[in-house]
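What follows is one structure encoded as structure tokens, with my remarks underneath.
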Amino acid sequence: MPRKAAVPTVSNGSYLQGQANGRLSSMDSEQPALEGKVVLKKKVTLLRGISIIIGTIIGAGIFISPKGILKNTGSVGMSLTVWTACGILSLFGALCYAELGTCIKKSGGHYTYILEAFGPLPAFVRVWVELLIIRPAATAVISLAFGRYILEPFFMQCEIPELAIKFITAVGITLVMVLNSTSVSWSARIQMFLTFCKLVAILIIIVPGVIQLIKGETQHFKNAFAGNDASVMGLPLAFYSGMYAYSGWFYLNFVTEEVENPEKNIPLAICISMIIVTVGYVLTNVAYFTTISAGELLLSKAVAVTFAERLMGNFSLAVPVFVALSCFGSMNGGIFAVSRMFFVASREGHLPEILSMIHVRKHTPLPAVIVLHPLTMIMLFNGDLYSLLNFLSFARWLFIGLVVAGLIYLRYKRPDMPRPFKVPLFIPALFSFTCLFMVALSLYSDPVNTGIGFAITLTGIPAYYLFIVWDKKPKWFRKLLGK
């Protein structure tokens, strides 16, 4: 009889049902592994943790279109101020997640923390929206950028055929899925290599920019705060764009159970990563303005390519390749992390049981990884991806704000919970207020798209009662859910 490739992964050998009380099992005690139990190995070191965060945050945006912030701020000085402020604010959010990751030692990120603080319904809604729309659409968008830029050196004199872009994109998505299904170690090693490539790409821009400054090329910084006045709506929208560029600092919390010495390594990895990314982003934008004026930057389709063409000649051909590798790193890091959310949600009884199974030899959450493949392909070939992301971009900040508010709530609800790393209370208060302000802003500035996104999110409520609460399901329906 052939050996099964995947097995359930709870300590008593049965399926852990999380809907009974809507709470996680105790986080404060380490249960010894029982003989025959298959678990995810602790293979994420400090360096790998840093590479997951940096490699997922730095995607195509910093190389292609930092003009969104400039457009909404109206001046070079204000745009650099917003880049810096968004980095500091993202660091605040990351520090909040560092506290949560050290006191709740369970993978799953947003889902786990909402479940622990507020119960099963909002946690299910979060994972429902992530599985059906957000993650497939986000993966498809970043992989399309990968497909476009990997082909650009071959189509310098003509337009790249859309079919070719989608074909290469599909190959890239499949490669990432196979990699994450095959080996945790190899996907982490490749993530480290791609993170190195991203940092090299940023240095390729920063170093010539510093040389330009030394030569006295500062004309675009004169009267840096002069220009079009930022509108009342423009400045908050600039912050929204900036926070999106920094998003990804929360991905290490999705793999907490696989982090070596999480009490030490999670806060260290988060702080080191956010400092590197913030300094890199600000210096990259400074470098752009040493060579490109504000007006030229607003007209450019890919700022890094324009910058490289002016200063590096033929070497500028390497920039699209670095952008493509950067996108591949974001795809890999995102799938590596989010598959753990589905794994944990299944383990808690909120997704089909098969998603909580681990390959007995490779020790990867194989079903939780490959479930994303068909959904992403559907989005890639049929969906209006950017509209879907616009519909649901507010949901990301709504739930992140809810998670950080949950940190404050847990301080009062469970004051005796061990907290190896603790942030001052004003940090989660400021960050959760900012997230909720951004949600309110999106409702005000774009009520139609945000309203559609809100309606899609609300479909998680009837789905919760249908799939989780209703206990008199027909036999065929239970079979379908893998119960």
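Each chain in the structure tokens gets a letter, A, B and so on, in the order shown; residues start at 1 in every chain, and ligands are counted from 1 in the order they appear.
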
List the spatial neighbours of A:Phe118 as a PDB file with N, CA and C atoms, in the first residue's frame - criterion: any atom at most 12 Å away, only C-alpha atoms, same-chain residues fewer than 2 positions off excluded.
ATOM      1  N   ASN A  21     -14.512  26.743  21.200  1.00  0.00           N
ATOM      2  CA  ASN A  21     -14.489  27.898  22.092  1.00  0.00           C
ATOM      3  C   ASN A  21     -13.870  29.108  21.447  1.00  0.00           C
ATOM      4  N   GLY A  22     -13.450  28.970  20.198  1.00  0.00           N
ATOM      5  CA  GLY A  22     -12.922  30.122  19.471  1.00  0.00           C
ATOM      6  C   GLY A  22     -11.622  30.651  20.014  1.00  0.00           C
ATOM      7  N   ARG A  23     -10.860  29.853  20.757  1.00  0.00           N
ATOM      8  CA  ARG A  23      -9.595  30.313  21.316  1.00  0.00           C
ATOM      9  C   ARG A  23      -8.488  29.328  20.993  1.00  0.00           C
ATOM     10  N   LEU A  24      -7.282  29.824  20.983  1.00  0.00           N
ATOM     11  CA  LEU A  24      -6.149  28.954  20.746  1.00  0.00           C
ATOM     12  C   LEU A  24      -5.812  28.193  22.015  1.00  0.00           C
ATOM     13  N   HIS A 110      -1.937  37.692  11.320  1.00  0.00           N
ATOM     14  CA  HIS A 110      -3.177  38.418  11.609  1.00  0.00           C
ATOM     15  C   HIS A 110      -4.265  37.490  12.154  1.00  0.00           C
ATOM     16  N   TYR A 111      -4.448  36.363  11.474  1.00  0.00           N
ATOM     17  CA  TYR A 111      -5.524  35.427  11.831  1.00  0.00           C
ATOM     18  C   TYR A 111      -5.406  34.966  13.282  1.00  0.00           C
ATOM     19  N   THR A 112      -4.200  34.541  13.674  1.00  0.00           N
ATOM     20  CA  THR A 112      -3.985  34.010  15.020  1.00  0.00           C
ATOM     21  C   THR A 112      -4.244  35.071  16.081  1.00  0.00           C
ATOM     22  N   TYR A 113      -3.770  36.303  15.846  1.00  0.00           N
ATOM     23  CA  TYR A 113      -3.897  37.350  16.861  1.00  0.00           C
ATOM     24  C   TYR A 113      -5.351  37.817  17.001  1.00  0.00           C
ATOM     25  N   ILE A 114      -6.066  37.901  15.876  1.00  0.00           N
ATOM     26  CA  ILE A 114      -7.487  38.273  15.952  1.00  0.00           C
ATOM     27  C   ILE A 114      -8.274  37.171  16.656  1.00  0.00           C
ATOM     28  N   LEU A 115      -7.956  35.908  16.368  1.00  0.00           N
ATOM     29  CA  LEU A 115      -8.634  34.787  17.019  1.00  0.00           C
ATOM     30  C   LEU A 115      -8.392  34.806  18.521  1.00  0.00           C
ATOM     31  N   GLU A 116      -7.182  35.079  18.924  1.00  0.00           N
ATOM     32  CA  GLU A 116      -6.833  35.097  20.347  1.00  0.00           C
ATOM     33  C   GLU A 116      -7.521  36.252  21.080  1.00  0.00           C
ATOM     34  N   PRO A 120     -13.573  33.734  17.065  1.00  0.00           N
ATOM     35  CA  PRO A 120     -13.484  33.056  15.766  1.00  0.00           C
ATOM     36  C   PRO A 120     -14.115  33.788  14.589  1.00  0.00           C
ATOM     37  N   LEU A 121     -15.194  34.558  14.793  1.00  0.00           N
ATOM     38  CA  LEU A 121     -15.881  35.164  13.643  1.00  0.00           C
ATOM     39  C   LEU A 121     -14.999  36.153  12.894  1.00  0.00           C
ATOM     40  N   PRO A 122     -14.448  37.195  13.556  1.00  0.00           N
ATOM     41  CA  PRO A 122     -13.581  38.115  12.794  1.00  0.00           C
ATOM     42  C   PRO A 122     -12.333  37.429  12.244  1.00  0.00           C
ATOM     43  N   ALA A 123     -11.808  36.417  12.964  1.00  0.00           N
ATOM     44  CA  ALA A 123     -10.634  35.687  12.461  1.00  0.00           C
ATOM     45  C   ALA A 123     -10.981  34.923  11.187  1.00  0.00           C
ATOM     46  N   PHE A 124     -12.162  34.283  11.156  1.00  0.00           N
ATOM     47  CA  PHE A 124     -12.585  33.556   9.958  1.00  0.00           C
ATOM     48  C   PHE A 124     -12.776  34.512   8.784  1.00  0.00           C
ATOM     49  N   VAL A 125     -13.392  35.666   9.032  1.00  0.00           N
ATOM     50  CA  VAL A 125     -13.610  36.645   7.958  1.00  0.00           C
ATOM     51  C   VAL A 125     -12.265  37.073   7.370  1.00  0.00           C
ATOM     52  N   ARG A 126     -11.263  37.245   8.244  1.00  0.00           N
ATOM     53  CA  ARG A 126      -9.930  37.654   7.771  1.00  0.00           C
ATOM     54  C   ARG A 126      -9.330  36.601   6.843  1.00  0.00           C
ATOM     55  N   PHE A 399      -7.951  45.167   9.202  1.00  0.00           N
ATOM     56  CA  PHE A 399      -7.601  44.027  10.045  1.00  0.00           C
ATOM     57  C   PHE A 399      -6.271  44.229  10.764  1.00  0.00           C
ATOM     58  N   LEU A 402      -7.117  46.276  13.594  1.00  0.00           N
ATOM     59  CA  LEU A 402      -7.817  45.435  14.575  1.00  0.00           C
ATOM     60  C   LEU A 402      -6.831  44.592  15.382  1.00  0.00           C
ATOM     61  N   VAL A 403      -5.805  44.052  14.703  1.00  0.00           N
ATOM     62  CA  VAL A 403      -4.781  43.254  15.390  1.00  0.00           C
ATOM     63  C   VAL A 403      -4.072  44.088  16.447  1.00  0.00           C
ATOM     64  N   VAL A 404      -3.655  45.310  16.068  1.00  0.00           N
ATOM     65  CA  VAL A 404      -2.898  46.151  17.007  1.00  0.00           C
ATOM     66  C   VAL A 404      -3.806  46.637  18.137  1.00  0.00           C
ATOM     67  N   ALA A 405      -5.083  46.903  17.821  1.00  0.00           N
ATOM     68  CA  ALA A 405      -6.037  47.212  18.893  1.00  0.00           C
ATOM     69  C   ALA A 405      -6.183  46.010  19.826  1.00  0.00           C
ATOM     70  N   GLY A 406      -6.110  44.796  19.250  1.00  0.00           N
ATOM     71  CA  GLY A 406      -6.166  43.580  20.059  1.00  0.00           C
ATOM     72  C   GLY A 406      -5.003  43.477  21.023  1.00  0.00           C
ATOM     73  N   LEU A 407      -3.817  43.997  20.631  1.00  0.00           N
ATOM     74  CA  LEU A 407      -2.669  44.018  21.538  1.00  0.00           C
ATOM     75  C   LEU A 407      -3.008  44.836  22.794  1.00  0.00           C
ATOM     76  N   ILE A 408      -3.623  46.018  22.574  1.00  0.00           N
ATOM     77  CA  ILE A 408      -4.018  46.861  23.714  1.00  0.00           C
ATOM     78  C   ILE A 408      -5.054  46.133  24.568  1.00  0.00           C
ATOM     79  N   TYR A 409      -6.021  45.487  23.904  1.00  0.00           N
ATOM     80  CA  TYR A 409      -7.075  44.758  24.607  1.00  0.00           C
ATOM     81  C   TYR A 409      -6.492  43.614  25.447  1.00  0.00           C
ATOM     82  N   LEU A 410      -5.508  42.890  24.891  1.00  0.00           N
ATOM     83  CA  LEU A 410      -4.890  41.780  25.620  1.00  0.00           C
ATOM     84  C   LEU A 410      -4.078  42.264  26.817  1.00  0.00           C
ATOM     85  N   LYS A 413      -6.973  42.440  29.221  1.00  0.00           N
ATOM     86  CA  LYS A 413      -7.683  41.170  29.373  1.00  0.00           C
ATOM     87  C   LYS A 413      -6.796  40.104  30.000  1.00  0.00           C
TER      88      LYS A 413
END

(request) Skip A:Ala395 itself and residues of its chain fewer than 4 positions away, then list as a PyMOL selection string all residues within 12 Å of it, counting only C-alpha atoms. (result) chain A and resi 110+122+125-130+133-134+388-391+399-402+435-436+438-440+442-443+449-458

(request) Return the single residue from A:Ala345, A:Leu235, A:Ala324, A:Val279 that is closest to A:Ala60, with distances computed using only C-alpha atoms. (result)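 Looking at the shortest contact to A:Ala60, the residue is A:Ala324.
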